[in-house]
Each structure stands twice: as structure tokens, then as C-alpha cells.
Amino acid sequence: LINDAQRFSASCLKIRQMLNTKAQIPVEVQEGTAKIRGNVEFKNVSFHFSDDENTNVLTDVSFDIHPGQTIGILGETGSGKTTLVNLVARFYDPTSGQVLIDGKDAKSYPVRQLRENIAMVMQDVFLFSNTIEENIAFGNPHAEPNYIQRVAEIADAHAFISKMPEGYETIVGERGVGLSGGQKQRISLARALAKDPSILILDDTTSAVDMETESKIQKELSKLTEEKTTFIIAHRISSVRDADVILMMAKGHVIESGTHQ
């Protein structure tokens, strides 16, 4: 009992601390705002975390991406690739410079409206303890079964889902227990596509699938992403070969930019 009481007390302190934390980026609700087109511009953006002001994660990053273009981001681990896309979704605000979305400072958008137009597929895939269909329709709860199947086909997930005993009604465990890394990534990609975002962010999304599957996914994605601004973070050159712009990053700086050629 004494052990339990001490554990309980420590947990209560943590929970109360979290509930009393003020959000650094306020979340306001604004009705009837227009859909974002997907023009993203970074103007001399630098960023450091609040607990280490002397170490810049990004330094003086500038680029301009038009709606429908694809931008590839390459660089070794720790070069600031994921932080860069986190600024697009406004998980953080830059410490200097500006992130402009459709010509307006990202800070001027209500956070919910901004994120409704952005879908992210991160390296760390989180699937909920629910059916595969519900997982894919998470960002678009009113999606029709045919639409869900279509996005699953684009993400090359339809084939393995169909072979499961209950197909799209198969329940996966918390975090996708029982699925392989590649299967989880493909369901996560289908979930992002089902949201039909203006800006699609893929953070090393095909790292757990083989080259053949990756090639298939890219072929299907290229048809779909013509009207979406797409950020692709990758370690394989093949993932970003067809991008309109490729940024090469090192220690928070963009050291090269251009096409694959």
C-alpha cells in the first residue's frame, strides 16, 4: 500500500503539472476559413529550442515552394530535417525569420485551420487500437469505403489488408501490434492521403519497405501529388530523385539546393 501510495502521488504531480501547462502556441477556433493552396516560403529562418539558446538547430534557411511542387530534404541524422518540417506545421515557431504559407505568416493562421490543411507521416508510426478502416479514416471520419480503399491502394496497403481475416475490419492493437514496420508505415501513409491535405509531409515514410514497394508507392504518389505541396525527408536518393527542389542539409544549414540532375 505504501509503495502504491508513493507511485500514485508521483503520478498525480506529473498529471497536474501537465494539465496546468500553458500552450506556447495558442489554439483558437475560427469558422469558415479558406483552404490553403500550399505555397510555402522560408525567409532566413533560424531556430533553437528554448532550453538551449546557444545551439541553433536551423540557421538562416531560405526557400520558396509553389503549390503542387515536391521538395526533397536530404542530410545526415541531426541535420535539422524534421525540425524544418515541424516549423511548417507550426509545432514550433522560428526564433528568427519567417515561415510564410500562401504569402501570410504562419503565425497569423489559427493553428487548427493550418493543421487541417497539412498531413504528416512521421518515422514513429502511431496506430490506434481500432479497425484498419477507422485508422485510415482518422483525419477524415466521413470518408466512403471506396475512397479508403483507393488511398490504401496508392499506399500499396490494399493487397495485404485484403488478405487479413477480416480485411479492413481487422482490429490492430495499440501502436499497430501484430503488423510489420512496413505495413504500419503504409497504413499511416494511407491515413495521411485520406485527409486530402494541401501540404503533405513524408518523414522517411518508406524506410521500412523494400525498394520494389517504394518504387510502386512513388509511382502512385506522383499521380496524386501534382496538386499537393509535398515535403519528402529521405535517406535514399531514389525517394527524392523526381523532386522539383532538393535541399541538402548539414548541421542546420542548407549547403546545396537544386534538382537531382
# chains A, B, ... in the order shown; residues from 1 in each chain; ligands from 1
>>> residues_around(residues="A:Asn86", least_positions_apart="5", cutoff="12 Å", atoms="only C-alpha atoms", output="PDB file with all heavy atoms, in the first residue's frame")
ATOM      1  N   PHE A  47      16.284  28.625 -35.849  1.00  0.00           N
ATOM      2  CA  PHE A  47      15.502  28.083 -34.737  1.00  0.00           C
ATOM      3  C   PHE A  47      16.424  27.425 -33.722  1.00  0.00           C
ATOM      4  O   PHE A  47      17.351  26.699 -34.060  1.00  0.00           O
ATOM      5  CB  PHE A  47      14.491  27.043 -35.259  1.00  0.00           C
ATOM      6  CG  PHE A  47      13.734  26.340 -34.158  1.00  0.00           C
ATOM      7  CD1 PHE A  47      12.706  26.983 -33.494  1.00  0.00           C
ATOM      8  CD2 PHE A  47      14.083  25.055 -33.776  1.00  0.00           C
ATOM      9  CE1 PHE A  47      12.027  26.352 -32.459  1.00  0.00           C
ATOM     10  CE2 PHE A  47      13.412  24.411 -32.747  1.00  0.00           C
ATOM     11  CZ  PHE A  47      12.371  25.065 -32.092  1.00  0.00           C
ATOM     12  N   VAL A  57      19.373  24.853 -34.147  1.00  0.00           N
ATOM     13  CA  VAL A  57      19.040  23.601 -34.843  1.00  0.00           C
ATOM     14  C   VAL A  57      18.934  23.900 -36.340  1.00  0.00           C
ATOM     15  O   VAL A  57      19.283  23.077 -37.178  1.00  0.00           O
ATOM     16  CB  VAL A  57      17.713  23.020 -34.305  1.00  0.00           C
ATOM     17  CG1 VAL A  57      17.395  21.686 -34.975  1.00  0.00           C
ATOM     18  CG2 VAL A  57      17.789  22.829 -32.796  1.00  0.00           C
ATOM     19  N   LEU A  58      18.422  25.109 -36.675  1.00  0.00           N
ATOM     20  CA  LEU A  58      18.370  25.592 -38.064  1.00  0.00           C
ATOM     21  C   LEU A  58      18.995  26.982 -38.105  1.00  0.00           C
ATOM     22  O   LEU A  58      18.784  27.780 -37.185  1.00  0.00           O
ATOM     23  CB  LEU A  58      16.930  25.679 -38.569  1.00  0.00           C
ATOM     24  CG  LEU A  58      16.130  24.384 -38.719  1.00  0.00           C
ATOM     25  CD1 LEU A  58      14.685  24.702 -39.090  1.00  0.00           C
ATOM     26  CD2 LEU A  58      16.737  23.462 -39.763  1.00  0.00           C
ATOM     27  N   GLY A  80      18.701  18.628 -38.925  1.00  0.00           N
ATOM     28  CA  GLY A  80      17.598  19.591 -38.794  1.00  0.00           C
ATOM     29  C   GLY A  80      16.443  19.359 -39.754  1.00  0.00           C
ATOM     30  O   GLY A  80      15.572  20.216 -39.898  1.00  0.00           O
ATOM     31  N   LYS A  81      16.404  18.177 -40.398  1.00  0.00           N
ATOM     32  CA  LYS A  81      15.375  17.914 -41.423  1.00  0.00           C
ATOM     33  C   LYS A  81      13.964  17.894 -40.808  1.00  0.00           C
ATOM     34  O   LYS A  81      13.057  18.553 -41.289  1.00  0.00           O
ATOM     35  CB  LYS A  81      15.650  16.573 -42.119  1.00  0.00           C
ATOM     36  CG  LYS A  81      17.026  16.449 -42.746  1.00  0.00           C
ATOM     37  CD  LYS A  81      17.193  15.164 -43.506  1.00  0.00           C
ATOM     38  CE  LYS A  81      17.090  13.897 -42.686  1.00  0.00           C
ATOM     39  NZ  LYS A  81      18.169  13.711 -41.693  1.00  0.00           N
ATOM     40  N   PHE A  91       4.518  23.296 -35.123  1.00  0.00           N
ATOM     41  CA  PHE A  91       4.716  22.688 -33.804  1.00  0.00           C
ATOM     42  C   PHE A  91       5.641  23.586 -32.998  1.00  0.00           C
ATOM     43  O   PHE A  91       5.653  23.560 -31.775  1.00  0.00           O
ATOM     44  CB  PHE A  91       5.307  21.274 -33.935  1.00  0.00           C
ATOM     45  CG  PHE A  91       4.340  20.296 -34.547  1.00  0.00           C
ATOM     46  CD1 PHE A  91       4.771  19.370 -35.488  1.00  0.00           C
ATOM     47  CD2 PHE A  91       3.005  20.302 -34.201  1.00  0.00           C
ATOM     48  CE1 PHE A  91       3.877  18.473 -36.055  1.00  0.00           C
ATOM     49  CE2 PHE A  91       2.111  19.415 -34.765  1.00  0.00           C
ATOM     50  CZ  PHE A  91       2.550  18.490 -35.691  1.00  0.00           C
ATOM     51  N   TYR A  92       6.464  24.354 -33.716  1.00  0.00           N
ATOM     52  CA  TYR A  92       7.309  25.388 -33.107  1.00  0.00           C
ATOM     53  C   TYR A  92       7.207  26.625 -33.983  1.00  0.00           C
ATOM     54  O   TYR A  92       6.858  26.537 -35.152  1.00  0.00           O
ATOM     55  CB  TYR A  92       8.785  24.963 -33.072  1.00  0.00           C
ATOM     56  CG  TYR A  92       9.047  23.606 -32.480  1.00  0.00           C
ATOM     57  CD1 TYR A  92       9.418  22.529 -33.286  1.00  0.00           C
ATOM     58  CD2 TYR A  92       8.938  23.384 -31.110  1.00  0.00           C
ATOM     59  CE1 TYR A  92       9.658  21.278 -32.754  1.00  0.00           C
ATOM     60  CE2 TYR A  92       9.180  22.140 -30.571  1.00  0.00           C
ATOM     61  CZ  TYR A  92       9.541  21.084 -31.390  1.00  0.00           C
ATOM     62  OH  TYR A  92       9.767  19.854 -30.855  1.00  0.00           O
ATOM     63  N   ASP A  93       7.545  27.771 -33.409  1.00  0.00           N
ATOM     64  CA  ASP A  93       7.678  28.996 -34.194  1.00  0.00           C
ATOM     65  C   ASP A  93       9.160  29.304 -34.336  1.00  0.00           C
ATOM     66  O   ASP A  93       9.935  29.057 -33.403  1.00  0.00           O
ATOM     67  CB  ASP A  93       6.970  30.165 -33.488  1.00  0.00           C
ATOM     68  CG  ASP A  93       5.455  30.089 -33.633  1.00  0.00           C
ATOM     69  OD1 ASP A  93       5.005  29.562 -34.669  1.00  0.00           O
ATOM     70  OD2 ASP A  93       4.738  30.537 -32.728  1.00  0.00           O
ATOM     71  N   PRO A  94       9.593  29.859 -35.488  1.00  0.00           N
ATOM     72  CA  PRO A  94      11.018  30.163 -35.654  1.00  0.00           C
ATOM     73  C   PRO A  94      11.472  31.215 -34.651  1.00  0.00           C
ATOM     74  O   PRO A  94      10.691  32.089 -34.257  1.00  0.00           O
ATOM     75  CB  PRO A  94      11.104  30.698 -37.095  1.00  0.00           C
ATOM     76  CG  PRO A  94       9.715  31.029 -37.501  1.00  0.00           C
ATOM     77  CD  PRO A  94       8.793  30.223 -36.665  1.00  0.00           C
ATOM     78  N   VAL A  99       8.171  31.990 -41.541  1.00  0.00           N
ATOM     79  CA  VAL A  99       7.623  30.908 -42.356  1.00  0.00           C
ATOM     80  C   VAL A  99       6.324  31.451 -42.937  1.00  0.00           C
ATOM     81  O   VAL A  99       5.403  31.806 -42.192  1.00  0.00           O
ATOM     82  CB  VAL A  99       7.343  29.645 -41.516  1.00  0.00           C
ATOM     83  CG1 VAL A  99       6.691  28.572 -42.381  1.00  0.00           C
ATOM     84  CG2 VAL A  99       8.625  29.110 -40.897  1.00  0.00           C
ATOM     85  N   ALA A 106       2.857  32.192 -41.014  1.00  0.00           N
ATOM     86  CA  ALA A 106       2.168  31.019 -40.433  1.00  0.00           C
ATOM     87  C   ALA A 106       1.548  31.354 -39.081  1.00  0.00           C
ATOM     88  O   ALA A 106       0.533  30.770 -38.681  1.00  0.00           O
ATOM     89  CB  ALA A 106       3.153  29.861 -40.297  1.00  0.00           C
ATOM     90  N   ARG A 115      -3.368  23.213 -39.523  1.00  0.00           N
ATOM     91  CA  ARG A 115      -3.076  21.768 -39.465  1.00  0.00           C
ATOM     92  C   ARG A 115      -4.133  20.920 -40.171  1.00  0.00           C
ATOM     93  O   ARG A 115      -3.869  19.781 -40.538  1.00  0.00           O
ATOM     94  CB  ARG A 115      -2.899  21.325 -38.008  1.00  0.00           C
ATOM     95  CG  ARG A 115      -1.631  21.918 -37.417  1.00  0.00           C
ATOM     96  CD  ARG A 115      -1.359  21.455 -36.023  1.00  0.00           C
ATOM     97  NE  ARG A 115      -0.283  22.229 -35.419  1.00  0.00           N
ATOM     98  CZ  ARG A 115      -0.104  22.350 -34.113  1.00  0.00           C
ATOM     99  NH1 ARG A 115      -0.911  21.731 -33.277  1.00  0.00           N
ATOM    100  NH2 ARG A 115       0.893  23.076 -33.639  1.00  0.00           N
ATOM    101  N   ILE A 118      -2.748  20.227 -43.491  1.00  0.00           N
ATOM    102  CA  ILE A 118      -1.438  19.556 -43.524  1.00  0.00           C
ATOM    103  C   ILE A 118      -1.597  18.121 -43.022  1.00  0.00           C
ATOM    104  O   ILE A 118      -2.293  17.880 -42.038  1.00  0.00           O
ATOM    105  CB  ILE A 118      -0.419  20.302 -42.624  1.00  0.00           C
ATOM    106  CG1 ILE A 118      -0.177  21.728 -43.143  1.00  0.00           C
ATOM    107  CG2 ILE A 118       0.905  19.535 -42.541  1.00  0.00           C
ATOM    108  CD1 ILE A 118       0.675  22.584 -42.219  1.00  0.00           C
ATOM    109  N   ALA A 119      -0.981  17.176 -43.720  1.00  0.00           N
ATOM    110  CA  ALA A 119      -0.938  15.796 -43.208  1.00  0.00           C
ATOM    111  C   ALA A 119       0.520  15.383 -43.108  1.00  0.00           C
ATOM    112  O   ALA A 119       1.307  15.647 -44.012  1.00  0.00           O
ATOM    113  CB  ALA A 119      -1.703  14.854 -44.126  1.00  0.00           C
ATOM    114  N   MET A 120       0.871  14.775 -41.983  1.00  0.00           N
ATOM    115  CA  MET A 120       2.266  14.360 -41.761  1.00  0.00           C
ATOM    116  C   MET A 120       2.322  12.852 -41.549  1.00  0.00           C
ATOM    117  O   MET A 120       1.481  12.287 -40.858  1.00  0.00           O
ATOM    118  CB  MET A 120       2.840  15.054 -40.523  1.00  0.00           C
ATOM    119  CG  MET A 120       2.805  16.563 -40.589  1.00  0.00           C
ATOM    120  SD  MET A 120       3.506  17.326 -39.101  1.00  0.00           S
ATOM    121  CE  MET A 120       5.262  17.244 -39.447  1.00  0.00           C
ATOM    122  N   VAL A 121       3.315  12.232 -42.156  1.00  0.00           N
ATOM    123  CA  VAL A 121       3.586  10.818 -41.881  1.00  0.00           C
ATOM    124  C   VAL A 121       4.982  10.786 -41.278  1.00  0.00           C
ATOM    125  O   VAL A 121       5.965  11.062 -41.955  1.00  0.00           O
ATOM    126  CB  VAL A 121       3.554   9.969 -43.173  1.00  0.00           C
ATOM    127  CG1 VAL A 121       3.716   8.494 -42.830  1.00  0.00           C
ATOM    128  CG2 VAL A 121       2.256  10.188 -43.929  1.00  0.00           C
ATOM    129  N   MET A 122       5.052  10.520 -39.990  1.00  0.00           N
ATOM    130  CA  MET A 122       6.337  10.583 -39.291  1.00  0.00           C
ATOM    131  C   MET A 122       7.008   9.205 -39.251  1.00  0.00           C
ATOM    132  O   MET A 122       6.384   8.192 -39.546  1.00  0.00           O
ATOM    133  CB  MET A 122       6.141  11.107 -37.860  1.00  0.00           C
ATOM    134  CG  MET A 122       5.387  12.430 -37.785  1.00  0.00           C
ATOM    135  SD  MET A 122       6.107  13.722 -38.829  1.00  0.00           S
ATOM    136  CE  MET A 122       7.458  14.279 -37.820  1.00  0.00           C
ATOM    137  N   ILE A 201       3.511  15.992 -45.764  1.00  0.00           N
ATOM    138  CA  ILE A 201       4.880  15.886 -45.243  1.00  0.00           C
ATOM    139  C   ILE A 201       5.182  14.412 -44.976  1.00  0.00           C
ATOM    140  O   ILE A 201       4.488  13.757 -44.192  1.00  0.00           O
ATOM    141  CB  ILE A 201       5.038  16.719 -43.952  1.00  0.00           C
ATOM    142  CG1 ILE A 201       4.861  18.210 -44.270  1.00  0.00           C
ATOM    143  CG2 ILE A 201       6.396  16.467 -43.309  1.00  0.00           C
ATOM    144  CD1 ILE A 201       4.766  19.112 -43.049  1.00  0.00           C
ATOM    145  N   LEU A 202       6.189  13.891 -45.655  1.00  0.00           N
ATOM    146  CA  LEU A 202       6.569  12.481 -45.511  1.00  0.00           C
ATOM    147  C   LEU A 202       7.961  12.413 -44.902  1.00  0.00           C
ATOM    148  O   LEU A 202       8.946  12.737 -45.563  1.00  0.00           O
ATOM    149  CB  LEU A 202       6.547  11.777 -46.881  1.00  0.00           C
ATOM    150  CG  LEU A 202       5.256  11.935 -47.706  1.00  0.00           C
ATOM    151  CD1 LEU A 202       5.412  11.290 -49.077  1.00  0.00           C
ATOM    152  CD2 LEU A 202       4.055  11.343 -46.978  1.00  0.00           C
ATOM    153  N   ASP A 203       8.033  12.011 -43.652  1.00  0.00           N
ATOM    154  CA  ASP A 203       9.320  11.969 -42.948  1.00  0.00           C
ATOM    155  C   ASP A 203       9.856  10.538 -42.957  1.00  0.00           C
ATOM    156  O   ASP A 203       9.503   9.723 -42.120  1.00  0.00           O
ATOM    157  CB  ASP A 203       9.148  12.478 -41.514  1.00  0.00           C
ATOM    158  CG  ASP A 203      10.488  12.642 -40.789  1.00  0.00           C
ATOM    159  OD1 ASP A 203      11.514  12.187 -41.328  1.00  0.00           O
ATOM    160  OD2 ASP A 203      10.513  13.223 -39.697  1.00  0.00           O
ATOM    161  N   PHE A 231       6.539  17.556 -49.048  1.00  0.00           N
ATOM    162  CA  PHE A 231       7.889  17.538 -48.468  1.00  0.00           C
ATOM    163  C   PHE A 231       8.266  16.080 -48.237  1.00  0.00           C
ATOM    164  O   PHE A 231       7.523  15.343 -47.585  1.00  0.00           O
ATOM    165  CB  PHE A 231       7.909  18.264 -47.111  1.00  0.00           C
ATOM    166  CG  PHE A 231       7.796  19.767 -47.209  1.00  0.00           C
ATOM    167  CD1 PHE A 231       6.565  20.376 -47.420  1.00  0.00           C
ATOM    168  CD2 PHE A 231       8.919  20.572 -47.092  1.00  0.00           C
ATOM    169  CE1 PHE A 231       6.446  21.746 -47.509  1.00  0.00           C
ATOM    170  CE2 PHE A 231       8.815  21.953 -47.184  1.00  0.00           C
ATOM    171  CZ  PHE A 231       7.578  22.549 -47.390  1.00  0.00           C
ATOM    172  N   ILE A 233      11.273  13.829 -46.663  1.00  0.00           N
ATOM    173  CA  ILE A 233      12.555  13.657 -45.979  1.00  0.00           C
ATOM    174  C   ILE A 233      12.989  12.219 -46.244  1.00  0.00           C
ATOM    175  O   ILE A 233      12.192  11.293 -46.084  1.00  0.00           O
ATOM    176  CB  ILE A 233      12.409  13.881 -44.461  1.00  0.00           C
ATOM    177  CG1 ILE A 233      12.047  15.337 -44.187  1.00  0.00           C
ATOM    178  CG2 ILE A 233      13.679  13.485 -43.731  1.00  0.00           C
ATOM    179  CD1 ILE A 233      11.788  15.642 -42.727  1.00  0.00           C
TER     180      ILE A 233
END
>>> residues_around(residues="stretch 63-77 of chain A", least_positions_apart="4", cutoff="8 Å", atoms="only C-alpha atoms", output="ChimeraX atom specification")
/A:37-43,81,225-235,240,243-250
>>> closest_residue(among="A:Leu19, A:Val27, A:Glu214, A:Ile36", to="A:Pro110", atoms="only C-alpha atoms")
A:Val27
>>> closest_residue(among="A:Asp102, A:Ile132, A:Val111, A:Leu127", to="A:Ala23", atoms="only C-alpha atoms")
A:Val111
>>> atom_distance(atom1="atom CA of A:Ser257", atom2="atom CA of A:Gly78")
18.3 Å
>>> select_by_dssp(residues="stretch 86-164 of chain A", states="strand (DSSP E or B)", output="PyMOL selection string")
chain A and resi 96-101+104-105+118-121+130-131
>>> write_last_selection(atoms="N, CA and C atoms", output="PDB file, in the first residue's frame")
ATOM      1  N   SER A  96      13.950  33.272 -35.335  1.00  0.00           N
ATOM      2  CA  SER A  96      14.113  34.468 -36.184  1.00  0.00           C
ATOM      3  C   SER A  96      13.751  34.089 -37.617  1.00  0.00           C
ATOM      4  N   GLY A  97      13.398  35.093 -38.415  1.00  0.00           N
ATOM      5  CA  GLY A  97      12.945  34.834 -39.778  1.00  0.00           C
ATOM      6  C   GLY A  97      11.450  34.532 -39.805  1.00  0.00           C
ATOM      7  N   GLN A  98      10.951  34.184 -40.978  1.00  0.00           N
ATOM      8  CA  GLN A  98       9.513  33.965 -41.151  1.00  0.00           C
ATOM      9  C   GLN A  98       9.225  32.701 -41.950  1.00  0.00           C
ATOM     10  N   VAL A  99       8.171  31.990 -41.541  1.00  0.00           N
ATOM     11  CA  VAL A  99       7.623  30.908 -42.356  1.00  0.00           C
ATOM     12  C   VAL A  99       6.324  31.451 -42.937  1.00  0.00           C
ATOM     13  N   LEU A 100       6.258  31.555 -44.274  1.00  0.00           N
ATOM     14  CA  LEU A 100       5.063  32.093 -44.931  1.00  0.00           C
ATOM     15  C   LEU A 100       4.291  30.968 -45.622  1.00  0.00           C
ATOM     16  N   ILE A 101       2.997  30.894 -45.378  1.00  0.00           N
ATOM     17  CA  ILE A 101       2.132  29.926 -46.053  1.00  0.00           C
ATOM     18  C   ILE A 101       1.157  30.737 -46.895  1.00  0.00           C
ATOM     19  N   LYS A 104       1.259  34.469 -46.316  1.00  0.00           N
ATOM     20  CA  LYS A 104       0.939  35.001 -44.982  1.00  0.00           C
ATOM     21  C   LYS A 104       1.805  34.314 -43.941  1.00  0.00           C
ATOM     22  N   ASP A 105       2.220  35.073 -42.916  1.00  0.00           N
ATOM     23  CA  ASP A 105       2.996  34.491 -41.827  1.00  0.00           C
ATOM     24  C   ASP A 105       2.196  33.341 -41.198  1.00  0.00           C
ATOM     25  N   ILE A 118      -2.748  20.227 -43.491  1.00  0.00           N
ATOM     26  CA  ILE A 118      -1.438  19.556 -43.524  1.00  0.00           C
ATOM     27  C   ILE A 118      -1.597  18.121 -43.022  1.00  0.00           C
ATOM     28  N   ALA A 119      -0.981  17.176 -43.720  1.00  0.00           N
ATOM     29  CA  ALA A 119      -0.938  15.796 -43.208  1.00  0.00           C
ATOM     30  C   ALA A 119       0.520  15.383 -43.108  1.00  0.00           C
ATOM     31  N   MET A 120       0.871  14.775 -41.983  1.00  0.00           N
ATOM     32  CA  MET A 120       2.266  14.360 -41.761  1.00  0.00           C
ATOM     33  C   MET A 120       2.322  12.852 -41.549  1.00  0.00           C
ATOM     34  N   VAL A 121       3.315  12.232 -42.156  1.00  0.00           N
ATOM     35  CA  VAL A 121       3.586  10.818 -41.881  1.00  0.00           C
ATOM     36  C   VAL A 121       4.982  10.786 -41.278  1.00  0.00           C
ATOM     37  N   ASN A 130      -7.912  -0.076 -32.965  1.00  0.00           N
ATOM     38  CA  ASN A 130      -9.188   0.056 -33.660  1.00  0.00           C
ATOM     39  C   ASN A 130      -9.082  -0.713 -34.974  1.00  0.00           C
ATOM     40  N   THR A 131     -10.115  -0.648 -35.813  1.00  0.00           N
ATOM     41  CA  THR A 131     -10.044  -1.336 -37.102  1.00  0.00           C
ATOM     42  C   THR A 131      -9.084  -0.586 -38.037  1.00  0.00           C
TER      43      THR A 131
END
>>> residues_around(residues="A:Thr170", least_positions_apart="5", cutoff="12 Å", atoms="only C-alpha atoms", output="list in words")
Ser129, Asn130, Thr131, Ile132, Glu133, Glu134, Asn135, Phe160, Ile161, Ser162, Lys163, Met164, Pro165, Gly176, Gly178 and Leu179 of chain A
>>> closest_residue(among="A:Ile15, A:Val172, A:Gly167, A:Ile217", to="A:Leu189", atoms="only C-alpha atoms")
A:Ile217
>>> closest_residue(among="A:Arg16, A:Arg90, A:Arg191, A:Arg241", to="A:Ser108", atoms="only C-alpha atoms")
A:Arg90
>>> residues_around(residues="A:Thr59", least_positions_apart="4", cutoff="9 Å", atoms="only C-alpha atoms", output="CSV table (one decimal) with N, CA, C and O atoms, in the first residue's frame")
chain,number,residue,atom,x,y,z
A,44,ASN,N,14.9,33.4,-44.3
A,44,ASN,CA,16.0,33.5,-43.3
A,44,ASN,C,15.6,32.9,-41.9
A,44,ASN,O,15.8,33.6,-40.9
A,45,VAL,N,15.1,31.7,-42.0
A,45,VAL,CA,14.6,31.1,-40.7
A,45,VAL,C,15.7,30.4,-39.9
A,45,VAL,O,16.5,29.7,-40.4
A,46,SER,N,15.8,30.8,-38.6
A,46,SER,CA,16.7,30.2,-37.7
A,46,SER,C,15.8,29.7,-36.5
A,46,SER,O,14.8,30.3,-36.2
A,47,PHE,N,16.3,28.6,-35.8
A,47,PHE,CA,15.5,28.1,-34.7
A,47,PHE,C,16.4,27.4,-33.7
A,47,PHE,O,17.4,26.7,-34.1
A,48,HIS,N,16.1,27.7,-32.4
A,48,HIS,CA,16.8,26.9,-31.4
A,48,HIS,C,15.7,26.6,-30.3
A,48,HIS,O,14.7,27.3,-30.2
A,251,LYS,N,24.2,20.2,-40.3
A,251,LYS,CA,24.2,21.0,-39.1
A,251,LYS,C,23.3,22.2,-39.1
A,251,LYS,O,23.8,23.3,-38.8
A,252,GLY,N,22.1,22.0,-39.6
A,252,GLY,CA,21.1,23.1,-39.6
A,252,GLY,C,21.2,24.1,-40.7
A,252,GLY,O,20.4,25.0,-40.8
A,253,HIS,N,22.2,23.9,-41.6
A,253,HIS,CA,22.4,24.8,-42.8
A,253,HIS,C,21.9,24.1,-44.0
A,253,HIS,O,22.1,22.9,-44.1
A,254,VAL,N,21.4,24.9,-45.0
A,254,VAL,CA,21.2,24.3,-46.4
A,254,VAL,C,22.5,24.5,-47.1
A,254,VAL,O,22.8,25.6,-47.4
>>> atom_distance(atom1="atom CA of A:Val125", atom2="atom CA of A:Ser188")
6.6 Å
